[in-house]
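Student: Data: work26.tsv, TSV, N, CA, C and O atoms.
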```tsv
chain	number	residue	atom	x	y	z
A	463	VAL	N	27.80	9.83	1.08
A	463	VAL	CA	27.66	8.60	1.84
A	463	VAL	C	29.02	8.31	2.45
A	463	VAL	O	30.04	8.34	1.77
A	464	LEU	N	29.03	8.04	3.73
A	464	LEU	CA	30.26	7.67	4.43
A	464	LEU	C	30.13	6.23	4.87
A	464	LEU	O	29.13	5.85	5.50
A	465	TRP	N	31.12	5.41	4.52
A	465	TRP	CA	31.04	3.98	4.80
A	465	TRP	C	32.43	3.46	5.08
A	465	TRP	O	33.39	3.81	4.40
A	466	ASN	N	32.56	2.59	6.06
A	466	ASN	CA	33.86	1.99	6.37
A	466	ASN	C	34.13	0.79	5.47
A	466	ASN	O	33.23	-0.01	5.22
A	467	SER	N	35.37	0.67	5.04
A	467	SER	CA	35.74	-0.53	4.30
A	467	SER	C	35.77	-1.73	5.25
A	467	SER	O	35.64	-2.87	4.83
A	468	VAL	N	35.93	-1.46	6.53
A	468	VAL	CA	35.90	-2.49	7.57
A	468	VAL	C	34.74	-2.15	8.50
A	468	VAL	O	34.76	-1.12	9.17
A	469	GLN	N	33.71	-2.98	8.52
A	469	GLN	CA	32.53	-2.68	9.32
A	469	GLN	C	32.57	-3.30	10.71
A	469	GLN	O	31.58	-3.72	11.26
A	470	LEU	N	33.75	-3.35	11.27
A	470	LEU	CA	33.91	-3.82	12.64
A	470	LEU	C	34.97	-2.95	13.30
A	470	LEU	O	35.66	-2.18	12.65
A	471	HIS	N	35.05	-3.06	14.60
A	471	HIS	CA	36.03	-2.25	15.33
A	471	HIS	C	37.22	-3.12	15.71
A	471	HIS	O	37.15	-3.88	16.68
A	472	PRO	N	38.31	-3.03	14.96
A	472	PRO	CA	39.48	-3.83	15.31
A	472	PRO	C	40.16	-3.23	16.55
A	472	PRO	O	40.49	-2.05	16.57
A	473	HIS	N	40.31	-4.04	17.56
A	473	HIS	CA	40.93	-3.58	18.80
A	473	HIS	C	41.86	-4.65	19.33
A	473	HIS	O	41.85	-5.80	18.88
A	474	ILE	N	42.67	-4.28	20.27
A	474	ILE	CA	43.56	-5.24	20.92
A	474	ILE	C	42.68	-6.16	21.77
A	474	ILE	O	41.83	-5.67	22.52
A	475	PRO	N	42.84	-7.46	21.63
A	475	PRO	CA	42.00	-8.39	22.40
A	475	PRO	C	41.99	-8.05	23.90
A	475	PRO	O	43.03	-7.81	24.50
A	476	GLY	N	40.78	-7.99	24.44
A	476	GLY	CA	40.62	-7.69	25.85
A	476	GLY	C	40.62	-6.21	26.18
A	476	GLY	O	40.42	-5.82	27.33
A	477	LYS	N	40.86	-5.35	25.18
A	477	LYS	CA	40.90	-3.91	25.39
A	477	LYS	C	40.01	-3.24	24.34
A	477	LYS	O	40.48	-2.72	23.34
A	478	ALA	N	38.71	-3.25	24.61
A	478	ALA	CA	37.71	-2.81	23.63
A	478	ALA	C	37.86	-1.33	23.23
A	478	ALA	O	37.41	-0.95	22.16
A	479	LEU	N	38.45	-0.51	24.06
A	479	LEU	CA	38.57	0.92	23.73
A	479	LEU	C	39.84	1.26	22.95
A	479	LEU	O	40.11	2.42	22.69
A	480	THR	N	40.60	0.26	22.56
A	480	THR	CA	41.79	0.51	21.75
A	480	THR	C	41.43	0.42	20.28
A	480	THR	O	40.33	0.04	19.90
A	481	ASN	N	42.37	0.77	19.44
A	481	ASN	CA	42.18	0.72	18.00
A	481	ASN	C	43.46	0.19	17.37
A	481	ASN	O	44.56	0.53	17.81
A	482	ARG	N	43.31	-0.65	16.37
A	482	ARG	CA	44.48	-1.16	15.66
A	482	ARG	C	44.14	-1.27	14.18
A	482	ARG	O	42.97	-1.26	13.80
A	483	THR	N	45.16	-1.36	13.37
A	483	THR	CA	44.96	-1.54	11.93
A	483	THR	C	44.31	-2.90	11.70
A	483	THR	O	44.78	-3.90	12.25
A	484	PRO	N	43.26	-2.95	10.90
A	484	PRO	CA	42.62	-4.24	10.64
A	484	PRO	C	43.51	-5.14	9.79
A	484	PRO	O	44.33	-4.67	9.01
A	485	THR	N	43.33	-6.44	9.96
A	485	THR	CA	44.07	-7.40	9.13
A	485	THR	C	43.45	-7.42	7.73
A	485	THR	O	42.33	-6.95	7.52
A	486	ARG	N	44.17	-7.98	6.80
A	486	ARG	CA	43.64	-8.08	5.43
A	486	ARG	C	42.36	-8.93	5.42
A	486	ARG	O	41.43	-8.63	4.68
A	487	GLU	N	42.33	-9.97	6.25
A	487	GLU	CA	41.15	-10.82	6.32
A	487	GLU	C	39.94	-10.02	6.83
A	487	GLU	O	38.82	-10.19	6.34
A	488	GLU	N	40.15	-9.16	7.82
A	488	GLU	CA	39.06	-8.33	8.33
A	488	GLU	C	38.56	-7.36	7.27
A	488	GLU	O	37.36	-7.13	7.15
A	489	VAL	N	39.48	-6.81	6.50
A	489	VAL	CA	39.09	-5.91	5.42
A	489	VAL	C	38.27	-6.67	4.38
A	489	VAL	O	37.25	-6.18	3.90
A	490	GLU	N	38.68	-7.88	4.06
A	490	GLU	CA	37.97	-8.68	3.06
A	490	GLU	C	36.55	-9.03	3.51
A	490	GLU	O	35.66	-9.18	2.67
A	491	LEU	N	36.32	-9.13	4.81
A	491	LEU	CA	34.96	-9.41	5.31
A	491	LEU	C	33.98	-8.31	4.90
A	491	LEU	O	32.80	-8.58	4.70
A	492	GLY	N	34.46	-7.09	4.77
A	492	GLY	CA	33.60	-5.97	4.39
A	492	GLY	C	33.43	-5.78	2.91
A	492	GLY	O	32.62	-4.95	2.47
A	493	ARG	N	34.16	-6.54	2.12
A	493	ARG	CA	34.15	-6.35	0.67
A	493	ARG	C	32.75	-6.46	0.03
A	493	ARG	O	32.36	-5.59	-0.74
A	494	PRO	N	31.97	-7.51	0.33
A	494	PRO	CA	30.65	-7.62	-0.31
A	494	PRO	C	29.75	-6.41	-0.03
A	494	PRO	O	29.08	-5.92	-0.94
A	495	SER	N	29.75	-5.94	1.20
A	495	SER	CA	28.92	-4.77	1.55
A	495	SER	C	29.39	-3.54	0.81
A	495	SER	O	28.58	-2.75	0.31
A	496	LEU	N	30.70	-3.36	0.74
A	496	LEU	CA	31.27	-2.19	0.06
A	496	LEU	C	30.96	-2.23	-1.44
A	496	LEU	O	30.58	-1.22	-2.03
A	497	GLU	N	31.11	-3.39	-2.05
A	497	GLU	CA	30.79	-3.52	-3.47
A	497	GLU	C	29.32	-3.22	-3.75
A	497	GLU	O	28.98	-2.53	-4.71
A	498	THR	N	28.44	-3.73	-2.89
A	498	THR	CA	27.00	-3.49	-3.05
A	498	THR	C	26.69	-2.01	-2.92
A	498	THR	O	25.93	-1.44	-3.71
A	499	LEU	N	27.28	-1.36	-1.93
A	499	LEU	CA	27.04	0.06	-1.72
A	499	LEU	C	27.49	0.88	-2.92
A	499	LEU	O	26.76	1.75	-3.40
A	500	ILE	N	28.68	0.60	-3.43
A	500	ILE	CA	29.19	1.34	-4.59
A	500	ILE	C	28.29	1.12	-5.81
A	500	ILE	O	27.99	2.06	-6.54
A	501	GLU	N	27.83	-0.10	-5.98
A	501	GLU	CA	26.94	-0.40	-7.11
A	501	GLU	C	25.61	0.36	-6.99
A	501	GLU	O	25.09	0.90	-7.97
A	502	LEU	N	25.07	0.41	-5.79
A	502	LEU	CA	23.78	1.09	-5.58
A	502	LEU	C	23.89	2.61	-5.67
A	502	LEU	O	23.05	3.26	-6.28
A	503	VAL	N	24.93	3.18	-5.07
A	503	VAL	CA	25.07	4.63	-5.00
A	503	VAL	C	25.66	5.20	-6.29
A	503	VAL	O	25.30	6.29	-6.70
A	504	GLN	N	26.56	4.47	-6.93
A	504	GLN	CA	27.27	4.94	-8.11
A	504	GLN	C	27.85	6.34	-7.89
A	504	GLN	O	27.48	7.30	-8.58
A	505	PRO	N	28.76	6.44	-6.94
A	505	PRO	CA	29.31	7.76	-6.59
A	505	PRO	C	30.15	8.36	-7.71
A	505	PRO	O	30.77	7.64	-8.49
A	506	ARG	N	30.15	9.70	-7.78
A	506	ARG	CA	31.01	10.40	-8.74
A	506	ARG	C	32.47	10.31	-8.29
A	506	ARG	O	33.37	10.36	-9.12
A	507	MET	N	32.67	10.25	-6.99
A	507	MET	CA	34.03	10.20	-6.44
A	507	MET	C	34.02	9.27	-5.24
A	507	MET	O	33.09	9.28	-4.44
A	508	ILE	N	35.09	8.50	-5.11
A	508	ILE	CA	35.29	7.67	-3.93
A	508	ILE	C	36.51	8.20	-3.20
A	508	ILE	O	37.56	8.40	-3.81
A	509	VAL	N	36.37	8.46	-1.92
A	509	VAL	CA	37.46	8.97	-1.11
A	509	VAL	C	37.89	7.87	-0.14
A	509	VAL	O	37.07	7.39	0.65
A	510	ALA	N	39.14	7.49	-0.22
A	510	ALA	CA	39.69	6.50	0.70
A	510	ALA	C	40.26	7.22	1.91
A	510	ALA	O	41.20	8.01	1.77
A	511	VAL	N	39.69	6.97	3.07
A	511	VAL	CA	40.18	7.58	4.31
A	511	VAL	C	41.19	6.62	4.90
A	511	VAL	O	40.85	5.64	5.55
A	512	GLY	N	42.47	6.89	4.62
A	512	GLY	CA	43.55	6.05	5.11
A	512	GLY	C	44.04	5.07	4.06
A	512	GLY	O	43.37	4.79	3.07
A	513	ARG	N	45.24	4.57	4.31
A	513	ARG	CA	45.87	3.64	3.35
A	513	ARG	C	45.17	2.29	3.32
A	513	ARG	O	45.13	1.64	2.27
A	514	THR	N	44.63	1.84	4.46
A	514	THR	CA	43.93	0.56	4.47
A	514	THR	C	42.76	0.59	3.50
A	514	THR	O	42.57	-0.33	2.70
A	515	ALA	N	41.97	1.65	3.56
A	515	ALA	CA	40.83	1.79	2.64
A	515	ALA	C	41.31	1.91	1.21
A	515	ALA	O	40.72	1.32	0.29
A	516	GLN	N	42.37	2.69	0.99
A	516	GLN	CA	42.88	2.87	-0.37
A	516	GLN	C	43.32	1.53	-0.97
A	516	GLN	O	42.97	1.21	-2.11
A	517	LYS	N	44.05	0.75	-0.21
A	517	LYS	CA	44.51	-0.56	-0.71
A	517	LYS	C	43.34	-1.50	-0.96
A	517	LYS	O	43.33	-2.24	-1.95
A	518	ALA	N	42.34	-1.49	-0.07
A	518	ALA	CA	41.17	-2.35	-0.24
A	518	ALA	C	40.44	-1.99	-1.53
A	518	ALA	O	40.05	-2.87	-2.31
A	519	LEU	N	40.24	-0.70	-1.77
A	519	LEU	CA	39.56	-0.26	-2.98
A	519	LEU	C	40.36	-0.58	-4.23
A	519	LEU	O	39.79	-0.99	-5.25
A	520	GLU	N	41.67	-0.44	-4.17
A	520	GLU	CA	42.52	-0.80	-5.31
A	520	GLU	C	42.39	-2.28	-5.63
A	520	GLU	O	42.29	-2.65	-6.80
A	521	ARG	N	42.39	-3.14	-4.60
A	521	ARG	CA	42.24	-4.58	-4.82
A	521	ARG	C	40.90	-4.90	-5.47
A	521	ARG	O	40.77	-5.89	-6.18
A	522	MET	N	39.90	-4.06	-5.20
A	522	MET	CA	38.58	-4.25	-5.78
A	522	MET	C	38.47	-3.65	-7.18
A	522	MET	O	37.46	-3.78	-7.85
A	523	GLY	N	39.51	-2.94	-7.62
A	523	GLY	CA	39.51	-2.35	-8.95
A	523	GLY	C	38.97	-0.94	-9.03
A	523	GLY	O	38.67	-0.45	-10.11
A	524	TYR	N	38.83	-0.26	-7.89
A	524	TYR	CA	38.31	1.11	-7.86
A	524	TYR	C	39.43	2.12	-7.69
A	524	TYR	O	40.36	1.91	-6.91
A	525	GLN	N	39.31	3.22	-8.41
A	525	GLN	CA	40.21	4.36	-8.25
A	525	GLN	C	39.64	5.23	-7.14
A	525	GLN	O	38.46	5.59	-7.20
A	526	ALA	N	40.42	5.56	-6.15
A	526	ALA	CA	39.93	6.37	-5.04
A	526	ALA	C	40.91	7.50	-4.73
A	526	ALA	O	42.12	7.32	-4.84
A	527	GLU	N	40.35	8.63	-4.36
A	527	GLU	CA	41.16	9.75	-3.90
A	527	GLU	C	41.55	9.46	-2.46
A	527	GLU	O	40.72	9.06	-1.65
A	528	TYR	N	42.81	9.67	-2.12
A	528	TYR	CA	43.30	9.38	-0.77
A	528	TYR	C	43.29	10.63	0.10
A	528	TYR	O	43.66	11.71	-0.33
A	529	VAL	N	42.84	10.44	1.35
A	529	VAL	CA	43.03	11.45	2.40
A	529	VAL	C	43.56	10.73	3.63
A	529	VAL	O	43.27	9.55	3.84
A	530	ARG	N	44.32	11.44	4.41
A	530	ARG	CA	44.91	10.89	5.64
A	530	ARG	C	43.80	10.49	6.60
A	530	ARG	O	42.80	11.18	6.74
A	531	HIS	N	43.97	9.37	7.27
A	531	HIS	CA	43.01	8.94	8.30
A	531	HIS	C	43.16	9.87	9.50
A	531	HIS	O	44.29	10.24	9.86
A	532	PRO	N	42.07	10.28	10.12
A	532	PRO	CA	42.17	11.24	11.23
A	532	PRO	C	42.72	10.68	12.54
A	532	PRO	O	43.08	11.45	13.43
A	533	ALA	N	42.83	9.36	12.66
A	533	ALA	CA	43.33	8.77	13.91
A	533	ALA	C	44.82	9.07	14.12
A	533	ALA	O	45.54	9.40	13.17
A	534	HIS	N	45.23	8.97	15.34
A	534	HIS	CA	46.65	9.11	15.71
A	534	HIS	C	47.27	10.40	15.22
A	534	HIS	O	48.35	10.42	14.62
A	535	GLY	N	46.57	11.51	15.44
A	535	GLY	CA	47.11	12.82	15.12
A	535	GLY	C	46.94	13.28	13.68
A	535	GLY	O	47.55	14.26	13.26
A	536	GLY	N	46.11	12.61	12.91
A	536	GLY	CA	45.96	12.97	11.51
A	536	GLY	C	44.78	13.86	11.18
A	536	GLY	O	44.45	14.05	10.00
A	537	HIS	N	44.13	14.43	12.19
A	537	HIS	CA	42.91	15.21	11.95
A	537	HIS	C	43.13	16.37	11.00
A	537	HIS	O	42.35	16.58	10.07
A	538	ARG	N	44.16	17.17	11.22
A	538	ARG	CA	44.38	18.35	10.35
A	538	ARG	C	44.61	17.96	8.91
A	538	ARG	O	44.06	18.57	7.99
A	539	GLU	N	45.43	16.92	8.68
A	539	GLU	CA	45.68	16.48	7.31
A	539	GLU	C	44.41	15.89	6.69
A	539	GLU	O	44.18	16.04	5.50
A	540	PHE	N	43.60	15.22	7.50
A	540	PHE	CA	42.33	14.68	7.04
A	540	PHE	C	41.43	15.80	6.54
A	540	PHE	O	40.90	15.75	5.42
A	541	VAL	N	41.28	16.85	7.35
A	541	VAL	CA	40.44	18.00	6.97
A	541	VAL	C	41.00	18.67	5.72
A	541	VAL	O	40.26	18.98	4.79
A	542	LYS	N	42.31	18.88	5.67
A	542	LYS	CA	42.93	19.50	4.49
A	542	LYS	C	42.68	18.66	3.24
A	542	LYS	O	42.45	19.20	2.16
A	543	GLY	N	42.76	17.35	3.37
A	543	GLY	CA	42.51	16.47	2.23
A	543	GLY	C	41.08	16.58	1.72
A	543	GLY	O	40.85	16.64	0.52
A	544	LEU	N	40.12	16.64	2.64
A	544	LEU	CA	38.72	16.81	2.24
A	544	LEU	C	38.48	18.17	1.60
A	544	LEU	O	37.72	18.29	0.64
A	545	GLU	N	39.14	19.19	2.12
A	545	GLU	CA	39.04	20.53	1.52
A	545	GLU	C	39.61	20.52	0.11
A	545	GLU	O	39.01	21.05	-0.82
A	546	ARG	N	40.77	19.89	-0.06
A	546	ARG	CA	41.43	19.81	-1.37
A	546	ARG	C	40.52	19.16	-2.40
A	546	ARG	O	40.47	19.58	-3.57
A	547	LEU	N	39.78	18.15	-2.00
A	547	LEU	CA	38.89	17.44	-2.91
A	547	LEU	C	37.54	18.15	-3.10
A	547	LEU	O	36.73	17.73	-3.92
A	548	GLY	N	37.29	19.20	-2.33
A	548	GLY	CA	36.03	19.91	-2.43
A	548	GLY	C	34.89	19.21	-1.72
A	548	GLY	O	33.72	19.54	-1.94
A	549	VAL	N	35.21	18.26	-0.87
A	549	VAL	CA	34.18	17.54	-0.11
A	549	VAL	C	33.63	18.42	1.00
A	549	VAL	O	32.44	18.38	1.30
A	550	ILE	N	34.49	19.21	1.60
A	550	ILE	CA	34.08	20.20	2.60
A	550	ILE	C	34.72	21.53	2.25
A	550	ILE	O	35.71	21.58	1.53
A	551	ARG	N	34.14	22.60	2.78
A	551	ARG	CA	34.71	23.92	2.58
A	551	ARG	C	35.74	24.20	3.65
A	551	ARG	O	35.69	23.63	4.73
A	552	LYS	N	36.62	25.14	3.36
A	552	LYS	CA	37.59	25.55	4.37
A	552	LYS	C	36.84	26.04	5.60
A	552	LYS	O	35.71	26.47	5.50
A	553	GLU	N	37.52	25.94	6.73
A	553	GLU	CA	36.88	26.36	7.98
A	553	GLU	C	36.30	27.75	7.83
A	553	GLU	O	36.92	28.64	7.26
A	554	LYS	N	35.10	27.92	8.34
A	554	LYS	CA	34.41	29.21	8.24
A	554	LYS	C	35.00	30.21	9.22
A	554	LYS	O	35.41	29.85	10.31
A	555	THR	N	35.03	31.45	8.80
A	555	THR	CA	35.50	32.51	9.68
A	555	THR	C	34.43	33.60	9.77
A	555	THR	O	33.61	33.75	8.86
A	556	TYR	N	34.42	34.32	10.85
A	556	TYR	CA	33.45	35.41	11.05
A	556	TYR	C	34.14	36.74	10.86
A	556	TYR	O	35.20	36.99	11.39
A	557	THR	N	33.53	37.59	10.06
A	557	THR	CA	34.01	38.97	9.86
A	557	THR	C	32.84	39.91	9.96
A	557	THR	O	31.89	39.79	9.18
A	558	GLN	N	32.90	40.81	10.91
A	558	GLN	CA	31.83	41.81	11.13
A	558	GLN	C	30.45	41.15	11.20
A	558	GLN	O	29.48	41.62	10.61
A	559	GLY	N	30.36	40.03	11.89
A	559	GLY	CA	29.08	39.37	12.10
A	559	GLY	C	28.56	38.59	10.91
A	559	GLY	O	27.45	38.11	10.94
A	560	VAL	N	29.34	38.49	9.84
A	560	VAL	CA	28.91	37.76	8.66
A	560	VAL	C	29.71	36.45	8.57
A	560	VAL	O	30.92	36.45	8.74
A	561	LEU	N	29.01	35.38	8.31
A	561	LEU	CA	29.66	34.08	8.19
A	561	LEU	C	30.12	33.86	6.77
A	561	LEU	O	29.34	33.97	5.83
A	562	PHE	N	31.41	33.59	6.59
A	562	PHE	CA	31.98	33.33	5.27
A	562	PHE	C	32.42	31.89	5.17
A	562	PHE	O	32.90	31.33	6.08
```
When written as structure tokens, how does the structure in this file appear?
Tutor:
Amino acid sequence: VLWNSVQLHPHIPGKALTNRTPTREEVELGRPSLETLIELVQPRMIVAVGRTAQKALERMGYQAEYVRHPAHGGHREFVKGLERLGVIRKEKTYTQGVLF
């Protein structure tokens, strides 16, 4: 299950296609939904995508594995973090027509 700790798109006012770090108040708005989801799903592992999510989960009392957020040039570290946790497999390669 993939879920945002912030269920809104924080942007610079008047510039809907921009992205900015959410305020603590914006993160807190998503807390009830996040708590309900965790209670219902009871995940074996929680992965915090970015420091904002990690801090929000810590404030809620949850231990979360951290991976770099993919925004602003963090895609490779994000993928490596998910691979490290076993959430995804390393990129597949083709050898002699066989997918590994």
Student: Please provide the set of residues having any atom within 7 Å of Ala526 (chain A), restricted to only C-alpha atoms, with same-chain residues fewer than 5 positions apart removed, written as a list of chain:residue names.
Tutor: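 The filter keeps A:Ile508, A:Val509, A:Ala510, A:Gln516, A:Leu519.
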Student: Can you tell me which residues surround Ser467 (chain A) at a distance of at most 5 Å, considering only N, CA, C and O atoms, apart from same-chain residues fewer than 4 positions away, and format the answer as a list in words?
Tutor: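 What passes the distance filter is Val489, Gly492 and Arg493 of chain A.
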Student: As a PDB file with N, CA, C and O atoms, keeping the file's coordinate frame, please: all residues of chain A that backbone DSSP puts in strand (DSSP E).
Tutor:
```pdb
ATOM      1  N   VAL A 509      36.370   8.460  -1.920  1.00  0.00           N
ATOM      2  CA  VAL A 509      37.460   8.970  -1.110  1.00  0.00           C
ATOM      3  C   VAL A 509      37.890   7.870  -0.140  1.00  0.00           C
ATOM      4  O   VAL A 509      37.070   7.390   0.650  1.00  0.00           O
ATOM      5  N   ALA A 510      39.140   7.490  -0.220  1.00  0.00           N
ATOM      6  CA  ALA A 510      39.690   6.500   0.700  1.00  0.00           C
ATOM      7  C   ALA A 510      40.260   7.220   1.910  1.00  0.00           C
ATOM      8  O   ALA A 510      41.200   8.010   1.770  1.00  0.00           O
ATOM      9  N   VAL A 511      39.690   6.970   3.070  1.00  0.00           N
ATOM     10  CA  VAL A 511      40.180   7.580   4.310  1.00  0.00           C
ATOM     11  C   VAL A 511      41.190   6.620   4.900  1.00  0.00           C
ATOM     12  O   VAL A 511      40.850   5.640   5.550  1.00  0.00           O
ATOM     13  N   GLU A 527      40.350   8.630  -4.360  1.00  0.00           N
ATOM     14  CA  GLU A 527      41.160   9.750  -3.900  1.00  0.00           C
ATOM     15  C   GLU A 527      41.550   9.460  -2.460  1.00  0.00           C
ATOM     16  O   GLU A 527      40.720   9.060  -1.650  1.00  0.00           O
ATOM     17  N   TYR A 528      42.810   9.670  -2.120  1.00  0.00           N
ATOM     18  CA  TYR A 528      43.300   9.380  -0.770  1.00  0.00           C
ATOM     19  C   TYR A 528      43.290  10.630   0.100  1.00  0.00           C
ATOM     20  O   TYR A 528      43.660  11.710  -0.330  1.00  0.00           O
ATOM     21  N   VAL A 529      42.840  10.440   1.350  1.00  0.00           N
ATOM     22  CA  VAL A 529      43.030  11.450   2.400  1.00  0.00           C
ATOM     23  C   VAL A 529      43.560  10.730   3.630  1.00  0.00           C
ATOM     24  O   VAL A 529      43.270   9.550   3.840  1.00  0.00           O
ATOM     25  N   TYR A 556      34.420  34.320  10.850  1.00  0.00           N
ATOM     26  CA  TYR A 556      33.450  35.410  11.050  1.00  0.00           C
ATOM     27  C   TYR A 556      34.140  36.740  10.860  1.00  0.00           C
ATOM     28  O   TYR A 556      35.200  36.990  11.390  1.00  0.00           O
ATOM     29  N   THR A 557      33.530  37.590  10.060  1.00  0.00           N
ATOM     30  CA  THR A 557      34.010  38.970   9.860  1.00  0.00           C
ATOM     31  C   THR A 557      32.840  39.910   9.960  1.00  0.00           C
ATOM     32  O   THR A 557      31.890  39.790   9.180  1.00  0.00           O
ATOM     33  N   VAL A 560      29.340  38.490   9.840  1.00  0.00           N
ATOM     34  CA  VAL A 560      28.910  37.760   8.660  1.00  0.00           C
ATOM     35  C   VAL A 560      29.710  36.450   8.570  1.00  0.00           C
ATOM     36  O   VAL A 560      30.920  36.450   8.740  1.00  0.00           O
ATOM     37  N   LEU A 561      29.010  35.380   8.310  1.00  0.00           N
ATOM     38  CA  LEU A 561      29.660  34.080   8.190  1.00  0.00           C
ATOM     39  C   LEU A 561      30.120  33.860   6.770  1.00  0.00           C
ATOM     40  O   LEU A 561      29.340  33.970   5.830  1.00  0.00           O
TER      41      LEU A 561
END
```
Student: How many Å lie between CA of Leu470 (chain A) and CA of Arg538 (chain A), rounded to one decimal?
Tutor: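 Pair CA of Leu470 (chain A) / CA of Arg538 (chain A) returns 24.6 Å.
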Student: Using only C-alpha atoms, can you list as a ChimeraX atom specification the residues within 10 Å of (29.3, -0.9, 0.2)?
Tutor: /A:463-467,469,492-503
Student: If you run DSSP on the backbone here, which positions in region 466-554 of chain A get alpha helix (DSSP H)? Please write them as a ChimeraX atom specification.
Tutor: /A:486-491,493-503,513-521,537-547
Student: Looking at A:Arg551, A:Arg546, A:Pro475, A:Arg486, which one is nearest to Ala518 (chain A), with distances taken over only N, CA, C and O atoms?
Tutor: A:Arg486
Student: Ranking A:Gly512, A:Pro472, A:Pro505, A:Pro484 by minimum distance to Pro532 (chain A) and counting only C-alpha atoms, which one comes first?
Tutor: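 Residue with the minimum atom-to-atom distance to Pro532 (chain A): A:Gly512.
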Student: So which residues touch Val511 (chain A) within 5 Å, counting all atoms listed in the file, skipping near sequence neighbours fewer than 3 positions away, as an NGL selection string?
Tutor: :A and (515 or 529-531)
